[in-house]
Number of protein chains: 2
Amino acid sequence: MKAEYINPFLNAAKNVIETMANLSVKNEKPSLKQGNLSWGVISGLVGMASEKLKGHMVISFDLPCILGIVSNMLSEQYTEITEDVIDAVGELTNMICGGAKKELSEMGYVFDLAMPLMITGKDVEITQFGKGPVISIPFVTEKGRFVVEANLTER
Amino acid sequence: MKAEYINPFLNAAKNVIETMANLSVKNEKPSLKQGNLSWGVISGLVGMASEKLKGHMVISFDLPCILGIVSNMLSEQYTEITEDVIDAVGELTNMICGGAKKELSEMGYVFDLAMPLMITGKDVEITQFGKGPVISIPFVTEKGRFVVEANLTER
């Protein structure tokens, strides 16, 4: 994954969560993902594909973070993972990857988004098939933490 | 998901597993997926995307099935889920969705594949974001069972 691919995901994640959940969001330093263990209790996944590019983005939230985000988004207090929470993760995944897609397309990297999937479970490991480093961007909010992982590579 | 989208996934899954694992594969009747629980102990996911279409395919295996398939593929006895097994699931996911893509493109439905991801864990739930029925196609081999789930819809 090229370094110039990182900022569009970082900017989109920050903008979408700040706007949708009315929370201030700070990112920590992006790094290469180590190991396969997914982070947090719930993840949204979406594939990216075109004739020239392929990739995926995964966003994972800790429990207080996603409950705080969805409670703010839907103006209702959520204390556990419900269908609404899972659906909101899909919506956020779509919006964040859509934001990154827009910024990347302006840089000449054009692709379409697949259908987001949301993953919940215990000790979930998400492994990428194929070479290429996955960039991991940690974020901190006043409700909790989330991480965006992405890989976008030329075919 | 249109009914005519089903056979390309069914044919590709049968062909790829029969060819790669030298096993005879029979399918049972496709149906609409009920609920979100993923089936089996390991799943391969891949997104499909173009300007006109978006979707995903998930293939999930029970433990004896994936161990039997990978043991045959790699001519080595596998008794647990290892990195090789996870990698083989990615390879099979890519090949099966690639086969379906080829057959669908001949029917005029053109899309590209995203990067496959493999999911392992306990009580994993995979939920689709967005409307549209997911078709579930169960398969039986002499080693065990696997299921292909797919949704492909027009934007």
# chains A, B, ... in the order shown; residues from 1 in each chain; ligands from 1
>>> residues_around(residues="Glu51 (chain B)", least_positions_apart="6", cutoff="12 Å", atoms="only C-alpha atoms", output="compact mmCIF listing (two decimals) with N, CA, C and O atoms, in the first residue's frame")
# COMPACT_ATOMS: atom_id res chain seq x y z
N MET A 48 -12.81 -3.15 -2.13
CA MET A 48 -12.66 -2.10 -3.15
C MET A 48 -12.12 -2.80 -4.40
O MET A 48 -11.20 -3.62 -4.30
N ALA A 49 -12.68 -2.46 -5.56
CA ALA A 49 -12.24 -3.16 -6.77
C ALA A 49 -12.43 -2.31 -8.01
O ALA A 49 -13.42 -1.58 -8.14
N SER A 50 -11.44 -2.39 -8.90
CA SER A 50 -11.57 -1.86 -10.25
C SER A 50 -10.64 -2.70 -11.11
O SER A 50 -10.00 -3.63 -10.61
N GLU A 51 -10.55 -2.34 -12.39
CA GLU A 51 -9.67 -3.12 -13.26
C GLU A 51 -8.22 -3.03 -12.80
O GLU A 51 -7.44 -3.96 -12.98
N VAL A 110 -9.10 5.14 -9.04
CA VAL A 110 -10.54 4.96 -9.19
C VAL A 110 -10.92 3.51 -8.91
O VAL A 110 -10.29 2.58 -9.42
N PHE A 111 -11.94 3.33 -8.07
CA PHE A 111 -12.44 1.98 -7.80
C PHE A 111 -13.89 2.09 -7.34
O PHE A 111 -14.38 3.19 -7.05
N ASP A 112 -14.57 0.94 -7.29
CA ASP A 112 -15.93 0.89 -6.76
C ASP A 112 -15.93 0.11 -5.45
O ASP A 112 -15.04 -0.70 -5.20
N LEU A 113 -16.95 0.35 -4.63
CA LEU A 113 -17.08 -0.35 -3.35
C LEU A 113 -17.98 -1.56 -3.49
O LEU A 113 -19.01 -1.50 -4.16
N ALA A 114 -17.59 -2.65 -2.83
CA ALA A 114 -18.45 -3.82 -2.72
C ALA A 114 -19.47 -3.57 -1.62
O ALA A 114 -19.63 -2.44 -1.14
N TYR B 109 -22.92 -9.44 -17.05
CA TYR B 109 -22.79 -8.85 -15.71
C TYR B 109 -21.31 -8.75 -15.38
O TYR B 109 -20.67 -9.75 -15.07
N VAL B 110 -20.78 -7.56 -15.48
CA VAL B 110 -19.33 -7.37 -15.37
C VAL B 110 -18.99 -6.69 -14.04
O VAL B 110 -19.62 -5.71 -13.66
N PHE B 111 -18.02 -7.25 -13.34
CA PHE B 111 -17.54 -6.63 -12.09
C PHE B 111 -16.11 -7.09 -11.84
O PHE B 111 -15.62 -8.01 -12.49
N ASP B 112 -15.45 -6.44 -10.88
CA ASP B 112 -14.12 -6.85 -10.44
C ASP B 112 -14.20 -7.39 -9.01
O ASP B 112 -15.13 -7.07 -8.27
N THR B 153 -26.17 -7.32 -6.47
CA THR B 153 -27.34 -6.52 -6.81
C THR B 153 -26.92 -5.31 -7.63
O THR B 153 -25.77 -4.87 -7.58
N GLU B 154 -27.88 -4.81 -8.39
CA GLU B 154 -27.62 -3.59 -9.16
C GLU B 154 -27.63 -2.40 -8.20
O GLU B 154 -28.36 -2.38 -7.23
N ARG B 155 -26.81 -1.43 -8.51
CA ARG B 155 -26.75 -0.22 -7.65
C ARG B 155 -28.00 0.61 -7.83
O ARG B 155 -28.57 0.65 -8.88
>>> select_by_dssp(residues="chain B", states="alpha helix (DSSP H)", output="ChimeraX atom specification")
/B:6-21,63-74,83-106
>>> residues_around(residues="region 41-47 of chain B", least_positions_apart="3", cutoff="9 Å", atoms="only C-alpha atoms", output="PyMOL selection string")
(chain A and resi 46-49+56+113-116) or (chain B and resi 38+54-63+66+81+86+89-94+97+112-124)
>>> write_last_selection(atoms="C-alpha atoms", output="mmCIF file, in the first residue's frame")
data_model
loop_
_atom_site.group_PDB
_atom_site.id
_atom_site.type_symbol
_atom_site.label_atom_id
_atom_site.label_comp_id
_atom_site.auth_asym_id
_atom_site.auth_seq_id
_atom_site.Cartn_x
_atom_site.Cartn_y
_atom_site.Cartn_z
ATOM 1 C CA VAL A 46 -15.773 -3.530 2.642
ATOM 2 C CA GLY A 47 -13.990 -4.539 -0.540
ATOM 3 C CA MET A 48 -12.658 -2.104 -3.151
ATOM 4 C CA ALA A 49 -12.244 -3.156 -6.768
ATOM 5 C CA HIS A 56 -10.305 -3.859 1.491
ATOM 6 C CA LEU A 113 -17.077 -0.345 -3.355
ATOM 7 C CA ALA A 114 -18.452 -3.823 -2.720
ATOM 8 C CA MET A 115 -21.229 -4.471 -0.204
ATOM 9 C CA PRO A 116 -20.159 -3.962 3.426
ATOM 10 C CA SER B 38 -22.020 -17.874 9.795
ATOM 11 C CA LYS B 54 -22.125 -4.575 -5.952
ATOM 12 C CA GLY B 55 -22.091 -7.694 -3.849
ATOM 13 C CA HIS B 56 -20.187 -10.228 -1.838
ATOM 14 C CA MET B 57 -19.591 -13.954 -1.680
ATOM 15 C CA VAL B 58 -18.920 -15.882 1.526
ATOM 16 C CA ILE B 59 -17.830 -19.536 1.559
ATOM 17 C CA SER B 60 -17.884 -21.366 4.901
ATOM 18 C CA PHE B 61 -16.614 -24.864 5.699
ATOM 19 C CA ASP B 62 -17.132 -27.302 8.557
ATOM 20 C CA LEU B 63 -13.900 -28.544 10.123
ATOM 21 C CA ILE B 66 -11.837 -27.895 5.072
ATOM 22 C CA ILE B 81 -6.604 -24.929 11.262
ATOM 23 C CA ILE B 86 -6.414 -20.228 6.196
ATOM 24 C CA VAL B 89 -9.489 -20.810 2.050
ATOM 25 C CA GLY B 90 -8.421 -17.487 0.530
ATOM 26 C CA GLU B 91 -7.197 -19.224 -2.601
ATOM 27 C CA LEU B 92 -10.442 -21.202 -2.977
ATOM 28 C CA THR B 93 -12.529 -18.061 -2.352
ATOM 29 C CA ASN B 94 -10.628 -16.232 -5.057
ATOM 30 C CA CYS B 97 -15.611 -16.065 -7.150
ATOM 31 C CA ASP B 112 -14.123 -6.854 -10.436
ATOM 32 C CA LEU B 113 -13.143 -8.764 -7.324
ATOM 33 C CA ALA B 114 -11.868 -7.122 -4.150
ATOM 34 C CA MET B 115 -9.227 -8.743 -1.951
ATOM 35 C CA PRO B 116 -10.422 -11.886 -0.145
ATOM 36 C CA LEU B 117 -10.448 -11.952 3.655
ATOM 37 C CA MET B 118 -10.594 -15.079 5.775
ATOM 38 C CA ILE B 119 -12.496 -15.138 9.069
ATOM 39 C CA THR B 120 -11.990 -17.574 11.935
ATOM 40 C CA GLY B 121 -13.446 -17.382 15.444
ATOM 41 C CA LYS B 122 -16.224 -18.541 17.718
ATOM 42 C CA ASP B 123 -19.895 -17.661 17.281
ATOM 43 C CA VAL B 124 -19.008 -15.416 14.378
#
>>> atom_distance(atom1="CA of Asn36 (chain B)", atom2="CA of Gln128 (chain B)")
8.2 Å
>>> select_by_dssp(residues="chain A", states="strand (DSSP E or B)", output="PyMOL selection string")
chain A and resi 25-27+31-32+37+42-49+53-61+112-113+117-128+135-141+145-154
>>> closest_residue(among="B:Asp87, B:Glu4, B:Glu28, B:Glu80", to="chain A", atoms="only C-alpha atoms")
B:Asp87
>>> closest_residue(among="A:Asn22, A:Thr79, A:Asn27, A:Asn151", to="chain B", atoms="only C-alpha atoms")
A:Asn151
>>> residues_around(residues="Ser71 (chain A)", least_positions_apart="6", cutoff="10 Å", atoms="only C-alpha atoms", output="JSON, numbers by chain")
{"A": [21, 65, 77, 78, 79, 85]}
>>> residues_around(residues="Leu10 (chain B)", least_positions_apart="6", cutoff="12 Å", atoms="only C-alpha atoms", output="mmCIF file with N, CA and C atoms, in the first residue's frame")
data_model
loop_
_atom_site.group_PDB
_atom_site.id
_atom_site.type_symbol
_atom_site.label_atom_id
_atom_site.label_comp_id
_atom_site.auth_asym_id
_atom_site.auth_seq_id
_atom_site.Cartn_x
_atom_site.Cartn_y
_atom_site.Cartn_z
ATOM 1 N N ALA B 3 -32.313 -14.806 -9.929
ATOM 2 C CA ALA B 3 -32.119 -16.264 -9.958
ATOM 3 C C ALA B 3 -30.990 -16.660 -10.908
ATOM 4 N N GLU B 4 -30.840 -15.921 -11.996
ATOM 5 C CA GLU B 4 -29.806 -16.285 -12.981
ATOM 6 C C GLU B 4 -28.383 -16.055 -12.454
ATOM 7 N N VAL B 16 -14.368 -25.895 -8.805
ATOM 8 C CA VAL B 16 -13.100 -25.583 -8.136
ATOM 9 C C VAL B 16 -12.783 -26.630 -7.066
ATOM 10 N N ILE B 17 -13.773 -26.975 -6.231
ATOM 11 C CA ILE B 17 -13.484 -27.942 -5.146
ATOM 12 C C ILE B 17 -13.210 -29.325 -5.743
ATOM 13 N N VAL B 25 -18.441 -33.482 -5.438
ATOM 14 C CA VAL B 25 -19.194 -32.437 -4.731
ATOM 15 C C VAL B 25 -20.624 -32.434 -5.252
ATOM 16 N N LYS B 26 -21.582 -32.509 -4.336
ATOM 17 C CA LYS B 26 -22.988 -32.381 -4.736
ATOM 18 C C LYS B 26 -23.597 -31.187 -4.031
ATOM 19 N N ASN B 27 -24.442 -30.457 -4.762
ATOM 20 C CA ASN B 27 -25.114 -29.348 -4.093
ATOM 21 C C ASN B 27 -26.506 -29.745 -3.674
ATOM 22 N N GLU B 28 -26.977 -29.134 -2.600
ATOM 23 C CA GLU B 28 -28.381 -29.251 -2.216
ATOM 24 C C GLU B 28 -29.111 -28.013 -2.721
ATOM 25 N N LYS B 29 -30.388 -27.938 -2.447
ATOM 26 C CA LYS B 29 -31.222 -26.876 -3.017
ATOM 27 C C LYS B 29 -30.834 -25.498 -2.456
ATOM 28 N N PRO B 30 -30.560 -24.541 -3.320
ATOM 29 C CA PRO B 30 -30.301 -23.180 -2.835
ATOM 30 C C PRO B 30 -31.534 -22.609 -2.131
ATOM 31 N N MET B 57 -19.450 -12.503 -1.785
ATOM 32 C CA MET B 57 -19.591 -13.954 -1.680
ATOM 33 C C MET B 57 -18.888 -14.398 -0.414
ATOM 34 N N ILE B 59 -17.832 -18.078 1.561
ATOM 35 C CA ILE B 59 -17.830 -19.536 1.559
ATOM 36 C C ILE B 59 -17.378 -20.002 2.931
ATOM 37 N N ILE B 96 -13.162 -19.499 -6.760
ATOM 38 C CA ILE B 96 -14.597 -19.726 -6.956
ATOM 39 C C ILE B 96 -15.276 -18.427 -7.410
ATOM 40 N N CYS B 97 -14.963 -17.326 -6.747
ATOM 41 C CA CYS B 97 -15.611 -16.065 -7.150
ATOM 42 C C CYS B 97 -15.089 -15.644 -8.531
ATOM 43 N N GLY B 99 -14.315 -17.755 -10.932
ATOM 44 C CA GLY B 99 -15.062 -18.592 -11.886
ATOM 45 C C GLY B 99 -16.463 -18.041 -12.117
ATOM 46 N N ALA B 100 -17.126 -17.628 -11.026
ATOM 47 C CA ALA B 100 -18.469 -17.048 -11.150
ATOM 48 C C ALA B 100 -18.417 -15.746 -11.948
ATOM 49 N N LYS B 101 -17.389 -14.953 -11.674
ATOM 50 C CA LYS B 101 -17.208 -13.682 -12.397
ATOM 51 C C LYS B 101 -17.103 -13.928 -13.906
ATOM 52 N N GLU B 103 -18.240 -16.536 -15.703
ATOM 53 C CA GLU B 103 -19.532 -16.970 -16.251
ATOM 54 C C GLU B 103 -20.524 -15.800 -16.283
ATOM 55 N N LEU B 104 -20.522 -14.979 -15.236
ATOM 56 C CA LEU B 104 -21.442 -13.835 -15.202
ATOM 57 C C LEU B 104 -21.070 -12.786 -16.242
ATOM 58 N N ILE B 135 -28.426 -15.483 -1.157
ATOM 59 C CA ILE B 135 -28.702 -16.865 -1.546
ATOM 60 C C ILE B 135 -27.682 -17.774 -0.873
ATOM 61 N N SER B 136 -28.179 -18.866 -0.304
ATOM 62 C CA SER B 136 -27.307 -19.823 0.381
ATOM 63 C C SER B 136 -27.351 -21.152 -0.380
ATOM 64 N N ILE B 137 -26.184 -21.648 -0.782
ATOM 65 C CA ILE B 137 -26.123 -22.916 -1.531
ATOM 66 C C ILE B 137 -25.299 -23.917 -0.715
ATOM 67 N N PRO B 138 -25.958 -24.961 -0.181
ATOM 68 C CA PRO B 138 -25.240 -25.971 0.605
ATOM 69 C C PRO B 138 -24.624 -27.024 -0.315
ATOM 70 N N PHE B 139 -23.432 -27.475 0.044
ATOM 71 C CA PHE B 139 -22.743 -28.513 -0.711
ATOM 72 C C PHE B 139 -22.323 -29.646 0.227
ATOM 73 N N PHE B 146 -19.889 -27.732 3.001
ATOM 74 C CA PHE B 146 -19.589 -26.306 2.929
ATOM 75 C C PHE B 146 -20.782 -25.567 2.327
ATOM 76 N N VAL B 147 -20.806 -24.261 2.521
ATOM 77 C CA VAL B 147 -21.931 -23.440 2.067
ATOM 78 C C VAL B 147 -21.392 -22.209 1.355
ATOM 79 N N VAL B 148 -21.965 -21.893 0.221
ATOM 80 C CA VAL B 148 -21.637 -20.646 -0.475
ATOM 81 C C VAL B 148 -22.831 -19.700 -0.339
ATOM 82 N N GLU B 149 -22.567 -18.496 0.145
ATOM 83 C CA GLU B 149 -23.609 -17.478 0.243
ATOM 84 C C GLU B 149 -23.201 -16.315 -0.637
ATOM 85 N N ALA B 150 -24.139 -15.799 -1.380
ATOM 86 C CA ALA B 150 -23.788 -14.683 -2.270
ATOM 87 C C ALA B 150 -24.948 -13.719 -2.414
#
>>> atom_distance(atom1="CA of Ile6 (chain B)", atom2="CA of Gly144 (chain B)")
22.0 Å
>>> atom_distance(atom1="CA of Ala13 (chain B)", atom2="CA of Gly98 (chain B)")
10.1 Å
>>> decode(residues="region 124-144 of chain B", atoms="N, CA, C and O atoms", output="PDB file, in the first residue's frame")
ATOM      1  N   VAL B 124     -19.158 -16.558  15.273  1.00  0.00           N
ATOM      2  CA  VAL B 124     -19.008 -15.416  14.378  1.00  0.00           C
ATOM      3  C   VAL B 124     -20.342 -15.156  13.664  1.00  0.00           C
ATOM      4  O   VAL B 124     -20.976 -16.081  13.172  1.00  0.00           O
ATOM      5  N   GLU B 125     -20.755 -13.917  13.675  1.00  0.00           N
ATOM      6  CA  GLU B 125     -21.934 -13.528  12.899  1.00  0.00           C
ATOM      7  C   GLU B 125     -21.484 -12.604  11.789  1.00  0.00           C
ATOM      8  O   GLU B 125     -20.758 -11.646  12.042  1.00  0.00           O
ATOM      9  N   ILE B 126     -21.902 -12.903  10.575  1.00  0.00           N
ATOM     10  CA  ILE B 126     -21.585 -12.078   9.416  1.00  0.00           C
ATOM     11  C   ILE B 126     -22.898 -11.499   8.917  1.00  0.00           C
ATOM     12  O   ILE B 126     -23.795 -12.232   8.525  1.00  0.00           O
ATOM     13  N   THR B 127     -23.024 -10.187   8.970  1.00  0.00           N
ATOM     14  CA  THR B 127     -24.265  -9.509   8.599  1.00  0.00           C
ATOM     15  C   THR B 127     -23.999  -8.653   7.376  1.00  0.00           C
ATOM     16  O   THR B 127     -22.989  -7.964   7.305  1.00  0.00           O
ATOM     17  N   GLN B 128     -24.915  -8.708   6.432  1.00  0.00           N
ATOM     18  CA  GLN B 128     -24.787  -7.886   5.234  1.00  0.00           C
ATOM     19  C   GLN B 128     -25.356  -6.497   5.494  1.00  0.00           C
ATOM     20  O   GLN B 128     -26.417  -6.365   6.081  1.00  0.00           O
ATOM     21  N   PHE B 129     -24.643  -5.473   5.047  1.00  0.00           N
ATOM     22  CA  PHE B 129     -25.210  -4.125   5.111  1.00  0.00           C
ATOM     23  C   PHE B 129     -25.926  -3.832   3.808  1.00  0.00           C
ATOM     24  O   PHE B 129     -25.323  -3.860   2.739  1.00  0.00           O
ATOM     25  N   GLY B 130     -27.189  -3.553   3.915  1.00  0.00           N
ATOM     26  CA  GLY B 130     -27.948  -3.210   2.727  1.00  0.00           C
ATOM     27  C   GLY B 130     -28.984  -4.274   2.438  1.00  0.00           C
ATOM     28  O   GLY B 130     -28.903  -5.401   2.922  1.00  0.00           O
ATOM     29  N   LYS B 131     -29.935  -3.869   1.671  1.00  0.00           N
ATOM     30  CA  LYS B 131     -31.063  -4.732   1.351  1.00  0.00           C
ATOM     31  C   LYS B 131     -30.660  -5.811   0.358  1.00  0.00           C
ATOM     32  O   LYS B 131     -29.580  -5.806  -0.188  1.00  0.00           O
ATOM     33  N   GLY B 132     -31.577  -6.686   0.096  1.00  0.00           N
ATOM     34  CA  GLY B 132     -31.359  -7.698  -0.927  1.00  0.00           C
ATOM     35  C   GLY B 132     -31.120  -9.044  -0.298  1.00  0.00           C
ATOM     36  O   GLY B 132     -30.357  -9.171   0.640  1.00  0.00           O
ATOM     37  N   PRO B 133     -31.777 -10.073  -0.839  1.00  0.00           N
ATOM     38  CA  PRO B 133     -31.674 -11.407  -0.272  1.00  0.00           C
ATOM     39  C   PRO B 133     -30.305 -12.023  -0.534  1.00  0.00           C
ATOM     40  O   PRO B 133     -29.711 -11.829  -1.592  1.00  0.00           O
ATOM     41  N   VAL B 134     -29.810 -12.776   0.438  1.00  0.00           N
ATOM     42  CA  VAL B 134     -28.583 -13.546   0.276  1.00  0.00           C
ATOM     43  C   VAL B 134     -28.984 -14.985  -0.059  1.00  0.00           C
ATOM     44  O   VAL B 134     -29.791 -15.582   0.642  1.00  0.00           O
ATOM     45  N   ILE B 135     -28.426 -15.483  -1.157  1.00  0.00           N
ATOM     46  CA  ILE B 135     -28.702 -16.865  -1.546  1.00  0.00           C
ATOM     47  C   ILE B 135     -27.682 -17.774  -0.873  1.00  0.00           C
ATOM     48  O   ILE B 135     -26.484 -17.484  -0.879  1.00  0.00           O
ATOM     49  N   SER B 136     -28.179 -18.866  -0.304  1.00  0.00           N
ATOM     50  CA  SER B 136     -27.307 -19.823   0.381  1.00  0.00           C
ATOM     51  C   SER B 136     -27.351 -21.152  -0.380  1.00  0.00           C
ATOM     52  O   SER B 136     -28.427 -21.689  -0.625  1.00  0.00           O
ATOM     53  N   ILE B 137     -26.184 -21.648  -0.782  1.00  0.00           N
ATOM     54  CA  ILE B 137     -26.123 -22.916  -1.531  1.00  0.00           C
ATOM     55  C   ILE B 137     -25.299 -23.917  -0.715  1.00  0.00           C
ATOM     56  O   ILE B 137     -24.093 -23.742  -0.548  1.00  0.00           O
ATOM     57  N   PRO B 138     -25.958 -24.961  -0.181  1.00  0.00           N
ATOM     58  CA  PRO B 138     -25.240 -25.971   0.605  1.00  0.00           C
ATOM     59  C   PRO B 138     -24.624 -27.024  -0.315  1.00  0.00           C
ATOM     60  O   PRO B 138     -25.243 -27.415  -1.314  1.00  0.00           O
ATOM     61  N   PHE B 139     -23.432 -27.475   0.044  1.00  0.00           N
ATOM     62  CA  PHE B 139     -22.743 -28.513  -0.711  1.00  0.00           C
ATOM     63  C   PHE B 139     -22.323 -29.646   0.227  1.00  0.00           C
ATOM     64  O   PHE B 139     -21.982 -29.395   1.388  1.00  0.00           O
ATOM     65  N   VAL B 140     -22.318 -30.867  -0.334  1.00  0.00           N
ATOM     66  CA  VAL B 140     -21.900 -32.045   0.430  1.00  0.00           C
ATOM     67  C   VAL B 140     -20.740 -32.701  -0.302  1.00  0.00           C
ATOM     68  O   VAL B 140     -20.786 -32.877  -1.531  1.00  0.00           O
ATOM     69  N   THR B 141     -19.694 -33.051   0.434  1.00  0.00           N
ATOM     70  CA  THR B 141     -18.594 -33.847  -0.120  1.00  0.00           C
ATOM     71  C   THR B 141     -18.431 -35.067   0.781  1.00  0.00           C
ATOM     72  O   THR B 141     -19.038 -35.132   1.852  1.00  0.00           O
ATOM     73  N   GLU B 142     -17.591 -36.016   0.384  1.00  0.00           N
ATOM     74  CA  GLU B 142     -17.377 -37.173   1.268  1.00  0.00           C
ATOM     75  C   GLU B 142     -16.569 -36.803   2.511  1.00  0.00           C
ATOM     76  O   GLU B 142     -16.492 -37.598   3.452  1.00  0.00           O
ATOM     77  N   LYS B 143     -15.982 -35.616   2.523  1.00  0.00           N
ATOM     78  CA  LYS B 143     -15.222 -35.178   3.708  1.00  0.00           C
ATOM     79  C   LYS B 143     -16.061 -34.347   4.673  1.00  0.00           C
ATOM     80  O   LYS B 143     -15.733 -34.242   5.854  1.00  0.00           O
ATOM     81  N   GLY B 144     -17.077 -33.677   4.176  1.00  0.00           N
ATOM     82  CA  GLY B 144     -17.872 -32.785   5.024  1.00  0.00           C
ATOM     83  C   GLY B 144     -18.646 -31.811   4.165  1.00  0.00           C
ATOM     84  O   GLY B 144     -18.777 -32.007   2.956  1.00  0.00           O
TER      85      GLY B 144
END
